[in-house]
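J.: Have a look at the structure that comes next, please.
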Amino acid sequence: SRVLYKRRRALHNNVRYAPNGVDLEWVQDSIRAGVGPRELGGIPGPRVVHVGTLGGAFDFGCAEYLARRFRSCSFLFIGRAPVMTPSLRALKNVYLLGTRRREEVIGFLQTADACLCLRKNNEHTYAMNPLKVWEYLAAGKPVLTTLNAELEHLPGVVFMGATHEQIGDLLEGALQGVSQHRIQRGMEIARRLSWRRLARRVSGFLQETVGAKQP
């Protein structure tokens, strides 16, 4: 993450930044296949999707706030849920779908009207590099997130809020429509962060370092 990079850069002059990436080929192939999970037919839109573990870092309060504020929307949570609040589980517009195959995840994303990355606001989560965001952008979806240092340089791409109310206002705007220019910018960022490109970048770093040490 950028936060970790800055901290380590202060300790050593040969520290390079390499963020998380996205399996772009998997996203593109899954979109072309167009396979949607069967249960989507029983889940009304608009659909707001969150992918990832619902654990200690997840902001359950924000998720519940959004689900209560937007009762006409369906909130789909895909991933393990080792921690769960009964009040969120009880909401009729909340769908806890558990762990899914990778191709199924893209099927859910394809039908999403917006995607969420909700983390508690603390030093640890602020410094995280959220892989799910790059997958959301690669799928061409609006992204709403809590505060995160990795995403602060993308104000024209990612919707970021500091409070539950701010994120709710941003979701309201996203559901009314997002410009195609914004979507295309997000997809271009995801292309630049493909694992293939990042692997070449890291390989270049290593070659520079090894070459500099050779007599």
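Within each chain, counting starts at residue 1; across the structure tokens, chains are named A, B, ... in the order shown, with ligands numbered 1 upward in that order.
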Which residues of stretch 144-176 of chain A have any atom within 12 Å of an atom in stretch 36-48 of chain A when counting only C-alpha atoms, and what is the closest pair of atoms for each, with the distance in Å to one decimal? Order the rows by chain and rising number and write it as a tab-separated table.

T.:
residue	atom	partner	partner_atom	distance
A:Leu144	CA	A:Val48	CA	10.0
A:Gly168	CA	A:Val48	CA	12.0
A:Leu171	CA	A:Val48	CA	9.2
A:Glu172	CA	A:Val48	CA	11.3
A:Ala174	CA	A:Val48	CA	10.5
A:Leu175	CA	A:Pro46	CA	7.9
A:Gln176	CA	A:Pro46	CA	10.5

J.: Write out as JSON, numbers by chain each polymer residue whose atoms come within 9 Å of A:Ile183, counting only C-alpha atoms; drop sequence neighbours fewer than 6 positions from it.

T.: {"A": [137, 140, 141, 142, 157]}

J.: Choose the residue, out of A:Phe205, A:Ala199, A:Ile78, A:Asp59, that has the smallest atom-to-atom separation from A:Leu147; count only C-alpha atoms.

T.: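 Smallest distance to A:Leu147 is found for A:Asp59.
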
J.: Just the strand (DSSP E or B) stuff from stretch 61-94 of chain A, please, per backbone DSSP, written as number ranges by chain.

T.: A: 74-78, 94

J.: Between atom CA of A:Leu24 and atom CA of A:Ala57, measure the distance and give it in Å to one decimal.

T.: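 So the two atoms, atom CA of A:Leu24 and atom CA of A:Ala57, lie 26.3 Å apart.
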
J.: Find the spatial neighbours of A:Tyr95, counting only C-alpha atoms, within a cut-off of 10 Å - ignore same-chain residues fewer than 4 positions away - and output them as a PyMOL selection string.

T.: chain A and resi 43+49+74-78+88-91

J.: Take the residues from that selection and write them out as a compact mmCIF listing (two decimals), in the first residue's frame, keeping all heavy atoms.

T.:
# COMPACT_ATOMS: atom_id res chain seq x y z
N ILE A 43 -33.98 -11.99 -7.17
CA ILE A 43 -33.49 -10.83 -6.42
C ILE A 43 -33.78 -9.57 -7.22
O ILE A 43 -33.17 -9.33 -8.26
CB ILE A 43 -31.97 -10.95 -6.14
CG1 ILE A 43 -31.68 -12.23 -5.35
CG2 ILE A 43 -31.48 -9.72 -5.39
CD1 ILE A 43 -30.20 -12.46 -5.08
N VAL A 49 -23.84 -4.54 -4.62
CA VAL A 49 -23.07 -5.75 -4.35
C VAL A 49 -21.81 -5.45 -3.54
O VAL A 49 -21.11 -4.46 -3.81
CB VAL A 49 -22.69 -6.45 -5.67
CG1 VAL A 49 -21.76 -7.63 -5.41
CG2 VAL A 49 -23.94 -6.92 -6.41
N SER A 74 -31.75 -4.08 -3.40
CA SER A 74 -31.31 -5.36 -2.86
C SER A 74 -29.81 -5.28 -2.61
O SER A 74 -29.05 -4.88 -3.50
CB SER A 74 -31.61 -6.49 -3.85
OG SER A 74 -32.99 -6.66 -4.01
N PHE A 75 -29.37 -5.65 -1.40
CA PHE A 75 -27.96 -5.62 -1.04
C PHE A 75 -27.45 -7.05 -0.99
O PHE A 75 -27.90 -7.86 -0.18
CB PHE A 75 -27.78 -4.92 0.30
CG PHE A 75 -27.97 -3.43 0.22
CD1 PHE A 75 -29.24 -2.89 0.21
CD2 PHE A 75 -26.88 -2.58 0.10
CE1 PHE A 75 -29.43 -1.51 0.11
CE2 PHE A 75 -27.06 -1.20 -0.01
CZ PHE A 75 -28.34 -0.67 0.00
N LEU A 76 -26.51 -7.36 -1.89
CA LEU A 76 -25.98 -8.71 -2.03
C LEU A 76 -24.57 -8.77 -1.43
O LEU A 76 -23.69 -8.00 -1.85
CB LEU A 76 -25.92 -9.12 -3.50
CG LEU A 76 -27.24 -9.47 -4.21
CD1 LEU A 76 -28.19 -8.28 -4.28
CD2 LEU A 76 -26.95 -9.95 -5.63
N PHE A 77 -24.37 -9.65 -0.47
CA PHE A 77 -23.07 -9.82 0.16
C PHE A 77 -22.52 -11.20 -0.20
O PHE A 77 -23.10 -12.22 0.17
CB PHE A 77 -23.19 -9.65 1.67
CG PHE A 77 -23.59 -8.25 2.07
CD1 PHE A 77 -24.93 -7.95 2.28
CD2 PHE A 77 -22.65 -7.25 2.21
CE1 PHE A 77 -25.33 -6.67 2.63
CE2 PHE A 77 -23.03 -5.96 2.56
CZ PHE A 77 -24.37 -5.67 2.77
N ILE A 78 -21.41 -11.19 -0.93
CA ILE A 78 -20.81 -12.42 -1.43
C ILE A 78 -19.50 -12.66 -0.70
O ILE A 78 -18.59 -11.82 -0.75
CB ILE A 78 -20.57 -12.32 -2.95
CG1 ILE A 78 -21.89 -12.01 -3.68
CG2 ILE A 78 -19.95 -13.60 -3.49
CD1 ILE A 78 -21.70 -11.57 -5.11
N LEU A 88 -28.55 -6.88 10.77
CA LEU A 88 -28.32 -6.83 9.32
C LEU A 88 -28.92 -8.05 8.65
O LEU A 88 -29.59 -7.95 7.61
CB LEU A 88 -26.82 -6.74 9.02
CG LEU A 88 -26.43 -6.68 7.53
CD1 LEU A 88 -27.01 -5.44 6.87
CD2 LEU A 88 -24.92 -6.71 7.37
N ARG A 89 -28.72 -9.21 9.23
CA ARG A 89 -29.25 -10.45 8.67
C ARG A 89 -30.77 -10.41 8.55
O ARG A 89 -31.35 -10.99 7.64
CB ARG A 89 -28.81 -11.64 9.53
CG ARG A 89 -29.21 -12.99 8.98
CD ARG A 89 -28.96 -14.09 10.01
NE ARG A 89 -27.54 -14.19 10.34
CZ ARG A 89 -26.68 -14.93 9.65
NH1 ARG A 89 -27.09 -15.62 8.59
NH2 ARG A 89 -25.42 -14.99 10.02
N ALA A 90 -31.42 -9.72 9.46
CA ALA A 90 -32.89 -9.73 9.52
C ALA A 90 -33.54 -8.86 8.44
O ALA A 90 -34.74 -9.02 8.18
CB ALA A 90 -33.35 -9.27 10.90
N LEU A 91 -32.79 -7.97 7.83
CA LEU A 91 -33.39 -7.07 6.84
C LEU A 91 -33.79 -7.83 5.58
O LEU A 91 -33.03 -8.62 5.04
CB LEU A 91 -32.41 -5.95 6.49
CG LEU A 91 -32.07 -5.00 7.66
CD1 LEU A 91 -31.01 -4.00 7.24
CD2 LEU A 91 -33.32 -4.29 8.15

J.: Which residue out of A:Arg192, A:Ile31, A:Glu123, A:Leu116 has the minimum interatomic distance to A:Phe159 when only C-alpha atoms are used?

T.: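 Once distances to A:Phe159 are computed over only C-alpha atoms, the minimum belongs to A:Leu116.
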
J.: Set the distance at 9 Å and use only C-alpha atoms: which residues neighbour A:Gly79 once local chain neighbours fewer than 2 positions away are removed? I'd like the list as a PyMOL selection string.

T.: chain A and resi 50-54+77+81+96-100

J.: Those same residues - C-alpha atoms - I'd like them written as a PDB file, in the first residue's frame.

T.:
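See selection16.pdb below for the written result:
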ATOM      1  CA  HIS A  50     -20.285  -6.279  -1.833  1.00  0.00           C
ATOM      2  CA  VAL A  51     -17.649  -8.975  -2.429  1.00  0.00           C
ATOM      3  CA  GLY A  52     -15.397 -10.109   0.381  1.00  0.00           C
ATOM      4  CA  THR A  53     -15.295 -11.496   3.888  1.00  0.00           C
ATOM      5  CA  LEU A  54     -17.656 -10.010   6.442  1.00  0.00           C
ATOM      6  CA  PHE A  77     -23.066  -9.820   0.163  1.00  0.00           C
ATOM      7  CA  ALA A  81     -19.409 -14.245   7.040  1.00  0.00           C
ATOM      8  CA  LEU A  96     -26.122 -13.218   2.308  1.00  0.00           C
ATOM      9  CA  LEU A  97     -24.933 -15.401  -0.565  1.00  0.00           C
ATOM     10  CA  GLY A  98     -21.824 -16.982   0.946  1.00  0.00           C
ATOM     11  CA  THR A  99     -18.675 -18.020  -0.885  1.00  0.00           C
ATOM     12  CA  ARG A 100     -19.027 -18.397  -4.663  1.00  0.00           C
TER      13      ARG A 100
END
